[in-house]
$ cat start-v2.tsv   # TSV, C-alpha atoms and all ligand atoms
chain	number	residue	atom	x	y	z
A	1	MET	CA	25.37	2.18	6.47
A	2	ASN	CA	21.97	0.90	7.62
A	3	LYS	CA	21.67	-2.81	8.40
A	4	VAL	CA	18.42	-4.16	6.92
A	5	CYS	CA	16.37	-7.24	7.81
A	6	ILE	CA	13.37	-8.42	5.81
A	7	ILE	CA	10.47	-10.38	7.29
A	8	GLY	CA	8.58	-12.40	4.65
A	9	CYS	CA	10.36	-13.66	1.52
A	10	GLY	CA	7.51	-13.76	-1.01
A	11	MET	CA	6.68	-11.82	-4.14
A	12	ILE	CA	7.03	-8.26	-2.87
A	13	ALA	CA	10.23	-8.93	-0.93
A	14	GLN	CA	11.89	-10.48	-3.97
A	15	SER	CA	10.48	-8.19	-6.66
A	16	ALA	CA	10.62	-4.87	-4.85
A	17	HIS	CA	12.30	-4.58	-1.44
A	18	ILE	CA	15.44	-6.63	-2.08
A	19	PRO	CA	16.21	-5.03	-5.49
A	20	ALA	CA	15.55	-1.55	-4.09
A	21	TYR	CA	17.79	-1.93	-1.02
A	22	LYS	CA	20.49	-3.39	-3.28
A	23	HIS	CA	20.15	-0.46	-5.65
A	24	TRP	CA	20.79	2.00	-2.80
A	25	SER	CA	23.84	0.09	-1.59
A	26	ASP	CA	25.59	3.23	-0.30
A	27	ASP	CA	22.86	3.49	2.33
A	28	PHE	CA	21.70	-0.07	2.98
A	29	GLU	CA	23.06	-3.57	3.43
A	30	ILE	CA	20.61	-6.47	3.74
A	31	VAL	CA	22.05	-8.58	6.56
A	32	ALA	CA	19.28	-11.17	6.94
A	33	VAL	CA	15.92	-12.38	5.70
A	34	CYS	CA	13.26	-14.37	7.50
A	35	ASP	CA	10.37	-16.49	6.33
A	36	ALA	CA	8.07	-18.81	8.25
A	37	PHE	CA	9.18	-21.40	5.68
A	38	GLU	CA	12.89	-21.75	6.35
A	39	ALA	CA	13.48	-23.21	2.89
A	40	SER	CA	12.11	-19.99	1.31
A	41	ALA	CA	14.34	-17.81	3.47
A	42	LYS	CA	17.38	-19.97	2.61
A	43	LYS	CA	16.63	-19.90	-1.11
A	44	VAL	CA	16.13	-16.11	-1.17
A	45	ALA	CA	19.27	-15.52	0.91
A	46	GLU	CA	21.33	-17.69	-1.43
A	47	GLU	CA	19.89	-16.18	-4.61
A	48	HIS	CA	20.54	-12.62	-3.47
A	49	GLY	CA	23.84	-13.12	-1.65
A	50	ILE	CA	22.34	-12.26	1.76
A	51	PRO	CA	24.55	-13.67	4.53
A	52	ASN	CA	21.91	-14.84	7.07
A	53	TYR	CA	18.46	-16.38	7.04
A	54	TYR	CA	15.94	-17.23	9.74
A	55	SER	CA	12.53	-18.79	10.22
A	56	ASP	CA	11.80	-16.81	13.39
A	57	ALA	CA	11.59	-13.03	13.21
A	58	GLU	CA	12.36	-12.32	16.86
A	59	THR	CA	15.53	-14.44	16.80
A	60	MET	CA	16.64	-12.52	13.71
A	61	LEU	CA	15.97	-9.14	15.32
A	62	LYS	CA	17.77	-10.15	18.54
A	63	GLU	CA	20.85	-11.44	16.72
A	64	MET	CA	21.07	-8.91	13.88
A	65	GLN	CA	20.04	-5.67	15.67
A	66	PRO	CA	18.98	-4.10	12.33
A	67	ASP	CA	18.57	-0.37	11.72
A	68	VAL	CA	15.72	-0.94	9.27
A	69	VAL	CA	13.18	-3.74	8.94
A	70	SER	CA	10.93	-4.31	5.93
A	71	ILE	CA	7.73	-6.16	6.71
A	72	CYS	CA	6.63	-8.20	3.68
A	73	THR	CA	4.33	-10.79	5.24
A	74	PRO	CA	0.58	-11.23	4.65
A	75	ASN	CA	-1.53	-8.36	5.98
A	76	MET	CA	-2.70	-9.98	9.24
A	77	SER	CA	0.82	-10.01	10.72
A	78	HIS	CA	1.84	-6.43	9.84
A	79	LYS	CA	0.98	-4.91	13.20
A	80	GLU	CA	2.59	-7.72	15.21
A	81	PHE	CA	5.86	-7.56	13.28
A	82	ALA	CA	5.96	-3.75	13.09
A	83	MET	CA	5.55	-3.49	16.88
A	84	LEU	CA	8.15	-6.23	17.42
A	85	ALA	CA	10.70	-4.56	15.13
A	86	LEU	CA	10.10	-1.18	16.79
A	87	SER	CA	10.59	-2.82	20.21
A	88	TYR	CA	14.06	-3.91	19.03
A	89	GLY	CA	14.89	-0.33	18.11
A	90	ALA	CA	14.51	-0.65	14.34
A	91	ASN	CA	12.97	1.77	11.86
A	92	VAL	CA	10.16	0.05	10.01
A	93	LEU	CA	8.97	0.10	6.41
A	94	CYS	CA	5.74	-1.89	6.52
A	95	GLU	CA	3.91	-3.21	3.50
A	96	LYS	CA	0.38	-2.02	3.01
A	97	PRO	CA	-2.08	-2.11	4.66
A	98	LEU	CA	-0.27	-0.95	7.78
A	99	ALA	CA	-3.27	-1.85	9.97
A	100	PHE	CA	-6.94	-2.80	9.86
A	101	SER	CA	-8.29	-0.34	12.35
A	102	TYR	CA	-8.00	3.34	13.15
A	103	ALA	CA	-7.17	2.41	16.76
A	104	ASP	CA	-4.37	0.05	15.71
A	105	ALA	CA	-2.83	2.58	13.32
A	106	CYS	CA	-2.85	5.24	16.06
A	107	GLU	CA	-1.30	2.79	18.54
A	108	MET	CA	1.45	1.83	16.09
A	109	PHE	CA	2.45	5.42	15.30
A	110	GLU	CA	2.33	6.37	18.98
A	111	TYR	CA	4.69	3.50	19.76
A	112	ALA	CA	7.05	4.46	16.91
A	113	GLU	CA	7.16	8.01	18.25
A	114	LYS	CA	7.87	6.74	21.77
A	115	GLN	CA	10.72	4.63	20.39
A	116	GLY	CA	11.99	7.60	18.35
A	117	LYS	CA	11.86	5.49	15.16
A	118	LEU	CA	10.42	5.84	11.70
A	119	LEU	CA	7.33	3.80	10.85
A	120	MET	CA	6.15	4.21	7.28
A	121	ALA	CA	3.51	2.41	5.22
A	122	CYS	CA	4.72	1.27	1.82
A	123	GLN	CA	2.35	3.38	-0.30
A	124	SER	CA	4.50	3.06	-3.37
A	125	ILE	CA	1.85	3.92	-5.98
A	126	ARG	CA	2.04	7.63	-5.13
A	127	PHE	CA	5.16	7.63	-7.30
A	128	LEU	CA	3.26	7.02	-10.54
A	129	PRO	CA	4.63	9.93	-12.64
A	130	GLU	CA	1.16	11.28	-13.44
A	131	ARG	CA	0.24	11.34	-9.72
A	132	LEU	CA	3.43	13.22	-8.90
A	133	ALA	CA	2.61	15.68	-11.70
A	134	ALA	CA	-0.91	16.20	-10.33
A	135	LYS	CA	0.46	16.74	-6.82
A	136	GLU	CA	2.86	19.36	-8.15
A	137	LEU	CA	-0.03	21.16	-9.87
A	138	ILE	CA	-2.12	21.05	-6.67
A	139	ASP	CA	0.78	22.24	-4.48
A	140	ALA	CA	1.28	25.16	-6.89
A	141	GLY	CA	-2.33	26.22	-6.13
A	142	LYS	CA	-3.51	25.59	-9.68
A	143	VAL	CA	-6.36	23.26	-8.72
A	144	GLY	CA	-7.58	25.06	-5.61
A	145	ASP	CA	-9.61	23.43	-2.85
A	146	VAL	CA	-10.79	20.01	-4.02
A	147	TYR	CA	-14.52	19.57	-3.43
A	148	TYR	CA	-15.06	16.32	-5.35
A	149	ALA	CA	-12.92	13.33	-6.32
A	150	GLU	CA	-13.40	9.95	-7.98
A	151	LEU	CA	-11.18	6.97	-7.33
A	152	SER	CA	-11.37	4.12	-9.88
A	153	ARG	CA	-9.08	1.16	-9.37
A	154	VAL	CA	-10.55	-1.44	-11.66
A	155	ARG	CA	-9.00	-4.73	-12.68
A	156	ARG	CA	-11.13	-6.74	-15.11
A	157	ARG	CA	-9.83	-10.15	-13.98
A	158	GLY	CA	-7.05	-9.62	-11.49
A	159	ILE	CA	-7.70	-11.64	-8.36
A	160	PRO	CA	-4.22	-12.44	-6.96
A	161	THR	CA	-3.30	-15.96	-7.94
A	162	TRP	CA	-0.62	-16.47	-5.31
A	163	GLY	CA	-0.28	-16.20	-1.55
A	164	LYS	CA	-3.23	-15.79	0.79
A	165	PHE	CA	-4.91	-12.70	-0.64
A	166	HIS	CA	-8.23	-14.55	-1.15
A	167	LEU	CA	-8.48	-15.62	2.51
A	168	LYS	CA	-9.81	-13.15	5.10
A	169	GLU	CA	-7.88	-14.89	7.89
A	170	TYR	CA	-4.59	-13.77	6.28
A	171	SER	CA	-5.48	-10.67	4.28
A	172	GLY	CA	-8.28	-9.14	6.36
A	173	GLY	CA	-10.22	-8.32	3.18
A	174	GLY	CA	-10.11	-8.40	-0.59
A	175	ALA	CA	-9.80	-5.81	-3.33
A	176	LEU	CA	-10.58	-2.87	-1.04
A	177	ILE	CA	-7.77	-3.50	1.39
A	178	ASP	CA	-5.34	-4.85	-1.21
A	179	ILE	CA	-5.45	-2.28	-4.00
A	180	GLY	CA	-8.01	0.18	-2.59
A	181	VAL	CA	-5.52	1.11	0.13
A	182	HIS	CA	-3.17	2.54	-2.51
A	183	GLY	CA	-6.03	4.47	-4.13
A	184	PHE	CA	-7.29	6.02	-0.90
A	185	ASP	CA	-3.75	6.86	0.13
A	186	SER	CA	-3.07	8.65	-3.17
A	187	ALA	CA	-6.45	10.40	-3.19
A	188	LEU	CA	-6.05	11.73	0.36
A	189	TRP	CA	-2.48	12.85	-0.35
A	190	LEU	CA	-3.64	14.71	-3.48
A	191	MET	CA	-6.61	16.25	-1.66
A	192	GLY	CA	-4.35	17.59	1.12
A	193	ASN	CA	-5.27	14.87	3.65
A	194	PRO	CA	-8.72	16.12	4.72
A	195	LYS	CA	-10.22	14.43	7.78
A	196	PRO	CA	-12.77	11.78	6.73
A	197	ARG	CA	-16.26	12.18	8.21
A	198	SER	CA	-18.34	9.23	6.95
A	199	VAL	CA	-18.18	6.21	4.65
A	200	SER	CA	-20.94	4.34	2.79
A	201	ALA	CA	-19.82	1.20	1.00
A	202	THR	CA	-21.16	-1.86	-0.72
A	203	MET	CA	-19.15	-4.99	-1.52
A	204	SER	CA	-19.59	-8.18	-3.50
A	205	LYS	CA	-17.77	-11.36	-4.40
A	206	VAL	CA	-17.99	-12.01	-8.13
A	207	HIS	CA	-15.92	-13.85	-10.74
A	208	ALA	CA	-13.88	-15.76	-8.11
A	209	ASP	CA	-13.80	-18.66	-10.57
A	210	GLU	CA	-12.48	-16.50	-13.43
A	211	ILE	CA	-8.94	-15.85	-12.31
A	212	GLY	CA	-6.85	-14.02	-14.89
A	213	SER	CA	-3.09	-14.05	-15.44
A	214	ALA	CA	-0.49	-13.43	-12.75
A	215	LYS	CA	0.33	-10.15	-14.51
A	216	SER	CA	-3.25	-8.89	-14.39
A	217	SER	CA	-3.27	-9.58	-10.67
A	218	GLY	CA	-0.21	-7.45	-10.00
A	219	ALA	CA	2.59	-10.05	-9.82
A	220	LEU	CA	4.75	-8.07	-12.17
A	221	LYS	CA	8.03	-9.85	-11.74
A	222	GLY	CA	9.05	-13.38	-10.74
A	223	GLY	CA	9.30	-14.99	-7.36
A	224	VAL	CA	5.75	-16.22	-6.99
A	225	ASP	CA	3.79	-19.41	-7.02
A	226	THR	CA	1.05	-18.63	-9.52
A	227	SER	CA	-0.92	-21.82	-8.92
A	228	LYS	CA	-4.63	-21.10	-8.92
A	229	PHE	CA	-6.59	-21.42	-5.73
A	230	ASN	CA	-9.92	-23.13	-5.17
A	231	PRO	CA	-12.52	-20.37	-5.81
A	232	ASP	CA	-14.84	-21.90	-3.20
A	233	GLU	CA	-12.26	-20.94	-0.56
A	234	MET	CA	-12.32	-17.24	-1.42
A	235	ASN	CA	-14.04	-15.39	1.42
A	236	VAL	CA	-13.21	-11.74	0.64
A	237	GLU	CA	-14.75	-9.12	-1.65
A	238	SER	CA	-13.67	-8.80	-5.27
A	239	PHE	CA	-15.55	-5.50	-5.69
A	240	ALA	CA	-16.21	-2.50	-3.45
A	241	GLY	CA	-17.94	0.75	-4.29
A	242	GLY	CA	-19.13	3.71	-2.29
A	243	GLN	CA	-18.53	7.22	-1.06
A	244	VAL	CA	-16.44	9.01	1.57
A	245	THR	CA	-17.37	12.44	2.91
A	246	PHE	CA	-14.87	14.74	4.60
A	247	GLU	CA	-15.15	17.31	7.37
A	248	ASN	CA	-14.21	20.08	4.91
A	249	GLY	CA	-17.30	19.20	2.82
A	250	ALA	CA	-15.43	17.32	0.07
A	251	VAL	CA	-16.70	14.00	-1.32
A	252	LEU	CA	-14.77	11.06	-2.76
A	253	SER	CA	-16.61	8.35	-4.68
A	254	PHE	CA	-14.84	5.07	-5.28
A	255	LYS	CA	-14.98	1.80	-7.17
A	256	ILE	CA	-12.33	-0.82	-6.50
A	257	SER	CA	-12.18	-4.24	-8.09
A	258	TRP	CA	-10.04	-7.28	-8.53
A	259	ALA	CA	-12.62	-8.48	-11.01
A	260	ALA	CA	-15.53	-6.63	-12.61
A	261	ASN	CA	-17.20	-6.19	-15.96
A	262	LEU	CA	-15.96	-2.62	-16.20
A	263	ARG	CA	-13.26	-0.72	-18.10
A	264	GLU	CA	-9.76	-1.28	-16.63
A	265	GLU	CA	-8.83	1.90	-14.78
A	266	ASN	CA	-6.31	3.15	-12.28
A	267	ASN	CA	-7.48	6.70	-12.03
A	268	ILE	CA	-8.17	9.60	-9.71
A	269	VAL	CA	-10.24	12.53	-10.94
A	270	LEU	CA	-10.24	15.73	-8.87
A	271	ALA	CA	-12.50	18.77	-9.14
A	272	GLY	CA	-11.11	21.90	-7.49
A	273	LYS	CA	-12.23	25.53	-7.31
A	274	GLU	CA	-9.60	26.61	-9.89
A	275	SER	CA	-9.46	23.56	-12.16
A	276	GLY	CA	-10.11	19.84	-12.41
A	277	VAL	CA	-7.66	17.04	-13.20
A	278	ASP	CA	-8.21	13.65	-14.81
A	279	ILE	CA	-4.96	11.98	-13.87
A	280	GLU	CA	-5.09	8.89	-16.09
A	281	GLN	CA	-6.18	10.94	-19.11
A	282	LYS	CA	-3.50	13.57	-18.24
A	283	LYS	CA	-6.03	16.40	-18.74
A	284	ILE	CA	-6.67	19.62	-16.86
A	285	TYR	CA	-10.12	21.22	-17.13
A	286	THR	CA	-10.66	24.94	-16.52
A	287	GLY	CA	-13.51	27.40	-17.07
A	288	GLU	CA	-16.22	26.81	-19.63
A	289	ASP	CA	-14.19	24.93	-22.21
A	290	GLY	CA	-10.50	25.00	-21.30
A	291	VAL	CA	-8.72	21.65	-21.63
A	292	SER	CA	-4.94	21.35	-21.35
A	293	GLU	CA	-2.39	18.59	-20.93
A	294	LEU	CA	-1.02	17.54	-17.56
A	295	GLU	CA	2.76	17.62	-18.10
A	296	VAL	CA	4.10	14.30	-16.82
A	297	GLY	CA	7.79	13.61	-16.22
A	298	PRO	CA	9.51	10.27	-16.79
A	299	SER	CA	9.51	7.54	-14.16
A	300	GLY	CA	12.81	7.37	-12.28
A	301	PHE	CA	13.18	3.61	-12.66
A	302	ALA	CA	11.40	2.82	-15.88
A	303	ASP	CA	12.65	-0.78	-16.06
A	304	GLU	CA	11.48	-1.67	-12.56
A	305	PRO	CA	7.82	-2.63	-12.24
A	306	PHE	CA	7.90	-1.75	-8.53
A	307	TYR	CA	9.80	1.49	-9.02
A	308	GLY	CA	7.76	3.19	-6.28
A	309	HIS	CA	9.62	1.02	-3.77
A	310	PHE	CA	12.94	2.36	-5.09
A	311	CYS	CA	11.71	5.90	-4.44
A	312	LEU	CA	10.30	5.10	-0.99
A	313	ILE	CA	13.44	3.29	0.13
A	314	LYS	CA	15.56	6.25	-1.00
A	315	ASN	CA	13.22	8.44	1.07
A	316	VAL	CA	13.86	6.18	4.10
A	317	ALA	CA	17.61	6.72	3.63
A	318	GLU	CA	17.18	10.50	3.47
A	319	VAL	CA	14.84	10.57	6.50
A	320	LEU	CA	17.38	8.59	8.54
A	321	LYS	CA	20.11	11.05	7.53
A	322	GLY	CA	17.87	13.94	8.61
A	323	ASN	CA	17.60	15.29	5.07
A	324	ALA	CA	13.91	14.68	4.38
A	325	GLU	CA	10.45	14.26	5.85
A	326	PRO	CA	8.80	10.82	5.51
A	327	PHE	CA	7.06	10.80	2.14
A	328	VAL	CA	4.07	8.95	3.63
A	329	LYS	CA	3.09	10.68	6.85
A	330	PRO	CA	1.48	9.03	9.90
A	331	GLN	CA	-1.70	11.12	9.78
A	332	GLU	CA	-2.24	10.23	6.11
A	333	THR	CA	-2.01	6.51	6.89
A	334	ILE	CA	-4.26	6.92	9.94
A	335	HIS	CA	-6.98	8.55	7.79
A	336	THR	CA	-6.63	5.90	5.06
A	337	THR	CA	-6.94	3.14	7.66
A	338	ALA	CA	-10.04	4.77	9.15
A	339	ILE	CA	-11.69	4.83	5.72
A	340	LEU	CA	-10.94	1.14	5.14
A	341	GLU	CA	-12.26	0.14	8.57
A	342	ALA	CA	-15.40	2.22	8.13
A	343	ALA	CA	-16.00	0.82	4.62
A	344	TYR	CA	-15.97	-2.78	5.88
A	345	LEU	CA	-18.30	-1.87	8.75
A	346	SER	CA	-20.59	0.02	6.40
A	347	ALA	CA	-20.85	-2.91	3.97
A	348	ALA	CA	-21.37	-5.43	6.80
A	349	GLU	CA	-24.12	-3.40	8.47
A	350	ASN	CA	-25.58	-1.83	5.32
A	351	ARG	CA	-25.46	1.71	6.69
A	352	THR	CA	-23.36	4.86	6.61
A	353	VAL	CA	-20.60	4.76	9.21
A	354	MET	CA	-19.40	7.93	10.89
A	355	ILE	CA	-15.63	7.98	11.43
A	356	GLU	CA	-16.13	9.22	14.99
A	357	GLU	CA	-17.73	5.83	15.78
A	358	LEU	CA	-14.30	4.23	15.32
A	359	LEU	CA	-12.86	6.25	18.18
A	360	ARG	CA	-14.89	4.44	20.85
B	1	LIG	N1	3.18	-2.04	-2.14
B	1	LIG	C1	2.76	-2.83	-3.11
B	1	LIG	O1	2.56	-2.37	-4.24
B	1	LIG	C2	2.50	-4.28	-2.85
B	1	LIG	C3	2.38	-5.20	-3.91
B	1	LIG	C4	2.16	-6.55	-3.61
B	1	LIG	C5	2.05	-6.97	-2.28
B	1	LIG	N2	2.14	-6.06	-1.27
B	1	LIG	C6	1.96	-6.45	0.13
B	1	LIG	O2	3.08	-7.25	0.55
B	1	LIG	C7	2.66	-8.23	1.50
B	1	LIG	C8	3.15	-9.58	1.02
B	1	LIG	O3	2.62	-9.84	-0.27
B	1	LIG	P1	3.34	-10.87	-1.26
B	1	LIG	O4	2.71	-10.68	-2.56
B	1	LIG	O5	4.81	-10.78	-1.13
B	1	LIG	O6	2.80	-12.25	-0.63
B	1	LIG	P2	3.51	-13.66	-0.65
B	1	LIG	O7	2.50	-14.64	-0.21
B	1	LIG	O8	4.21	-13.86	-1.96
B	1	LIG	O9	4.67	-13.53	0.48
B	1	LIG	C9	4.43	-13.51	1.85
B	1	LIG	C10	5.57	-14.26	2.52
B	1	LIG	O10	5.45	-14.12	3.94
B	1	LIG	C11	5.78	-15.36	4.54
B	1	LIG	N3	5.21	-15.42	5.87
B	1	LIG	C12	3.91	-15.61	6.21
B	1	LIG	N4	3.77	-15.58	7.55
B	1	LIG	C13	5.01	-15.35	8.06
B	1	LIG	C14	5.52	-15.23	9.39
B	1	LIG	N5	4.70	-15.33	10.45
B	1	LIG	N6	6.85	-15.02	9.55
B	1	LIG	C15	7.66	-14.91	8.49
B	1	LIG	N7	7.24	-15.05	7.19
B	1	LIG	C16	5.93	-15.26	7.01
B	1	LIG	C17	5.20	-16.40	3.58
B	1	LIG	O11	5.78	-17.68	3.77
B	1	LIG	C18	5.53	-15.76	2.23
B	1	LIG	O12	6.81	-16.19	1.76
B	1	LIG	C19	1.13	-8.10	1.58
B	1	LIG	O13	0.79	-7.41	2.74
B	1	LIG	C20	0.74	-7.30	0.37
B	1	LIG	O14	-0.39	-6.49	0.58
B	1	LIG	C21	2.39	-4.75	-1.55
$ encode --input "start-v2.tsv" --output "structure tokens"
Amino acid sequence: MNKVCIIGCGMIAQSAHIPAYKHWSDDFEIVAVCDAFEASAKKVAEEHGIPNYYSDAETMLKEMQPDVVSICTPNMSHKEFAMLALSYGANVLCEKPLAFSYADACEMFEYAEKQGKLLMACQSIRFLPERLAAKELIDAGKVGDVYYAELSRVRRRGIPTWGKFHLKEYSGGGALIDIGVHGFDSALWLMGNPKPRSVSATMSKVHADEIGSAKSSGALKGGVDTSKFNPDEMNVESFAGGQVTFENGAVLSFKISWAANLREENNIVLAGKESGVDIEQKKIYTGEDGVSELEVGPSGFADEPFYGHFCLIKNVAEVLKGNAEPFVKPQETIHTTAILEAAYLSAAENRTVMIEELLR
């Protein structure tokens, strides 16, 4: 039985991590939660029958000696808490984004390896059934080498209405780092994790005063304060677009938005030597006029909006038993992080950024 501690008791802890650990109760027992606001930690502990709560993460780690720690705090503290939990000998499941820089991501995985512990980024969206179906098709060699891909993660009016997502000091960025991170992770995984070469990006802040519903901003289930923020405070991008090139010659174009006057989309389109796949449309394109259906299986946890977390947490259990490889691998997260870092630099300096520049 793995003892679990959770740092951060907000939306994702309550809607995804806690229900998922409880679901896999043969493998996990949540022994404590922590939140900077002690009242939040107490409330969450009481509501979920968790025996201990803390307002200081290090005290919790020292006293509880957990086997697994979930990090569910705002983005800026992910590295600090992941390194702290690893230093106490825990395996770490860290919410996305794992890190803001290529150097930080490398440092974190090197430290996890030194400690002999698992560190995995919570890239739960890979488990969308149509993405799993596309991956199966690709792994069976039916798509061939992917030379072009398009990533479209478009919310019409979906700026998060809770937490600190709109403030750079806490989130490190806006739509790109919040939902783009899932898109790049999935795209790289589907493309076979090619090494990125360069990134050109443009970003803008639009529609900050037109906040939609909590649901359209991704708060799919309870546990959140959906009070609207002052749009004048928002200092992160609501839209990012651009292009990534890879060392194998492939190209990925992207558009990511919390708010844009575009069609809602959560899609990846891939063109390979053997066939092309439009994942959201569930279509496979071959030859001059061949079009067939992408066969998509059911979702494992259809009633759970964050069912990807249920799958990832099961994967953690199997990795710890020695039965499986981590579903999200270090090198995939390192490449995703490099793309995000390069995109912000590219937009800030209005130029193409070479990934090798990040290695300095
Ligand atoms: N994988 C996904 O699909 C997904 C979905 C939503 C959010 N997330 C990620 O989860 C993280 C949290 O998002 P959320 O929606 O739960 O936000 P939230 O604001 O609802 O919750 C964050 C919690 O962390 C607490 N906190 C802040 N600083 C802390 C500290 N120093 N020590 C302890 N607790 C602290 C806050 O008090 C708050 O309760 C973000 O990084 C976000 O990107 C992931």
$ atom_distance --input "start-v2.tsv" --atom1 "CA of Glu293 in chain A" --atom2 "CA of Lys273 in chain A"
18.2 Å
$ closest_atom_pairs --input "start-v2.tsv" --of "chain A" --to "ligand LIG 1 (chain B)" --cutoff "6 Å" --atoms "only C-alpha atoms and all ligand atoms" --output "CSV"
residue,atom,partner,partner_atom,distance
A:Ile7,CA,B:LIG1,C15,5.5
A:Gly8,CA,B:LIG1,O10,3.6
A:Cys9,CA,B:LIG1,O12,4.4
A:Gly10,CA,B:LIG1,O9,3.2
A:Met11,CA,B:LIG1,O5,3.7
A:Ile12,CA,B:LIG1,O5,3.8
A:Ala13,CA,B:LIG1,O5,5.7
A:Cys34,CA,B:LIG1,C15,5.7
A:Asp35,CA,B:LIG1,N7,3.6
A:Ala36,CA,B:LIG1,C15,3.9
A:Phe37,CA,B:LIG1,O11,5.4
A:Cys72,CA,B:LIG1,C7,4.5
A:Thr73,CA,B:LIG1,O10,3.7
A:Pro74,CA,B:LIG1,O13,4.3
A:Asn75,CA,B:LIG1,O13,4.1
A:Glu95,CA,B:LIG1,C6,5.1
A:Lys96,CA,B:LIG1,O14,5.1
A:Cys122,CA,B:LIG1,N1,5.4
A:Gln123,CA,B:LIG1,N1,5.8
A:Ser124,CA,B:LIG1,N1,5.4
A:Gly163,CA,B:LIG1,O7,3.5
A:Lys164,CA,B:LIG1,O7,5.9
A:Asp178,CA,B:LIG1,O14,5.5
A:Val224,CA,B:LIG1,O8,5.8
$ closest_residue --input "start-v2.tsv" --among "A:Ser217, A:Gln115, A:Asn267, A:Asn52" --to "Ala149 in chain A" --atoms "all atoms listed in the file"
A:Asn267
$ closest_residue --input "start-v2.tsv" --among "A:Ala175, A:Leu128, A:Leu358, A:Val244" --to "Ala259 in chain A" --atoms "all atoms listed in the file"
A:Ala175
$ atom_distance --input "start-v2.tsv" --atom1 "CA of Lys142 in chain A" --atom2 "CA of Glu288 in chain A"
16.2 Å
$ closest_residue --input "start-v2.tsv" --among "A:Glu356, A:Ala133, A:Gly290, A:Asn230" --to "Gly276 in chain A" --atoms "all atoms listed in the file"
A:Gly290
$ closest_residue --input "start-v2.tsv" --among "A:Ile18, A:Val143, A:Ile6, A:Met64" --to "Gly287 in chain A" --atoms "only C-alpha atoms"
A:Val143
$ residues_around --input "start-v2.tsv" --residues "Leu132 in chain A" --least-positions-apart "3" --cutoff "10 Å" --atoms "all atoms listed in the file" --output "PDB file with C-alpha atoms, in the frame of the given file"
ATOM      1  CA  ILE A 125       1.850   3.920  -5.980  1.00  0.00           C
ATOM      2  CA  ARG A 126       2.040   7.630  -5.130  1.00  0.00           C
ATOM      3  CA  PHE A 127       5.160   7.630  -7.300  1.00  0.00           C
ATOM      4  CA  LEU A 128       3.260   7.020 -10.540  1.00  0.00           C
ATOM      5  CA  PRO A 129       4.630   9.930 -12.640  1.00  0.00           C
ATOM      6  CA  LYS A 135       0.460  16.740  -6.820  1.00  0.00           C
ATOM      7  CA  GLU A 136       2.860  19.360  -8.150  1.00  0.00           C
ATOM      8  CA  LEU A 137      -0.030  21.160  -9.870  1.00  0.00           C
ATOM      9  CA  ILE A 138      -2.120  21.050  -6.670  1.00  0.00           C
ATOM     10  CA  SER A 186      -3.070   8.650  -3.170  1.00  0.00           C
ATOM     11  CA  LEU A 190      -3.640  14.710  -3.480  1.00  0.00           C
ATOM     12  CA  ILE A 279      -4.960  11.980 -13.870  1.00  0.00           C
ATOM     13  CA  VAL A 296       4.100  14.300 -16.820  1.00  0.00           C
ATOM     14  CA  GLY A 297       7.790  13.610 -16.220  1.00  0.00           C
ATOM     15  CA  SER A 299       9.510   7.540 -14.160  1.00  0.00           C
TER      16      SER A 299
END
$ closest_residue --input "start-v2.tsv" --among "A:Val316, A:Leu359, A:Cys311, A:Val199" --to "Gln243 in chain A" --atoms "only C-alpha atoms"
A:Val199
$ closest_residue --input "start-v2.tsv" --among "A:Glu280, A:Asp56, A:Glu169, A:Asp209" --to "Asn235 in chain A" --atoms "only C-alpha atoms"
A:Glu169
$ residues_around --input "start-v2.tsv" --residues "Glu58 in chain A" --least-positions-apart "4" --cutoff "12 Å" --atoms "only C-alpha atoms" --output "mmCIF file with C-alpha atoms, in the coordinates of the input"
data_model
loop_
_atom_site.group_PDB
_atom_site.id
_atom_site.type_symbol
_atom_site.label_atom_id
_atom_site.label_comp_id
_atom_site.auth_asym_id
_atom_site.auth_seq_id
_atom_site.Cartn_x
_atom_site.Cartn_y
_atom_site.Cartn_z
ATOM 1 C CA CYS A 5 16.370 -7.240 7.810
ATOM 2 C CA ILE A 6 13.370 -8.420 5.810
ATOM 3 C CA ILE A 7 10.470 -10.380 7.290
ATOM 4 C CA VAL A 33 15.920 -12.380 5.700
ATOM 5 C CA CYS A 34 13.260 -14.370 7.500
ATOM 6 C CA ASP A 35 10.370 -16.490 6.330
ATOM 7 C CA ALA A 36 8.070 -18.810 8.250
ATOM 8 C CA TYR A 54 15.940 -17.230 9.740
ATOM 9 C CA LYS A 62 17.770 -10.150 18.540
ATOM 10 C CA GLU A 63 20.850 -11.440 16.720
ATOM 11 C CA MET A 64 21.070 -8.910 13.880
ATOM 12 C CA GLN A 65 20.040 -5.670 15.670
ATOM 13 C CA PRO A 66 18.980 -4.100 12.330
ATOM 14 C CA VAL A 69 13.180 -3.740 8.940
ATOM 15 C CA GLU A 80 2.590 -7.720 15.210
ATOM 16 C CA PHE A 81 5.860 -7.560 13.280
ATOM 17 C CA ALA A 82 5.960 -3.750 13.090
ATOM 18 C CA MET A 83 5.550 -3.490 16.880
ATOM 19 C CA LEU A 84 8.150 -6.230 17.420
ATOM 20 C CA ALA A 85 10.700 -4.560 15.130
ATOM 21 C CA LEU A 86 10.100 -1.180 16.790
ATOM 22 C CA SER A 87 10.590 -2.820 20.210
ATOM 23 C CA TYR A 88 14.060 -3.910 19.030
#
$ atom_distance --input "start-v2.tsv" --atom1 "CA of Glu46 in chain A" --atom2 "CA of Ala214 in chain A"
24.9 Å
$ residues_around --input "start-v2.tsv" --residues "Asn350 in chain A" --least-positions-apart "6" --cutoff "12 Å" --atoms "all atoms listed in the file" --output "JSON, numbers by chain"
{"A": [199, 200, 201, 202, 203, 242, 342, 343, 344]}
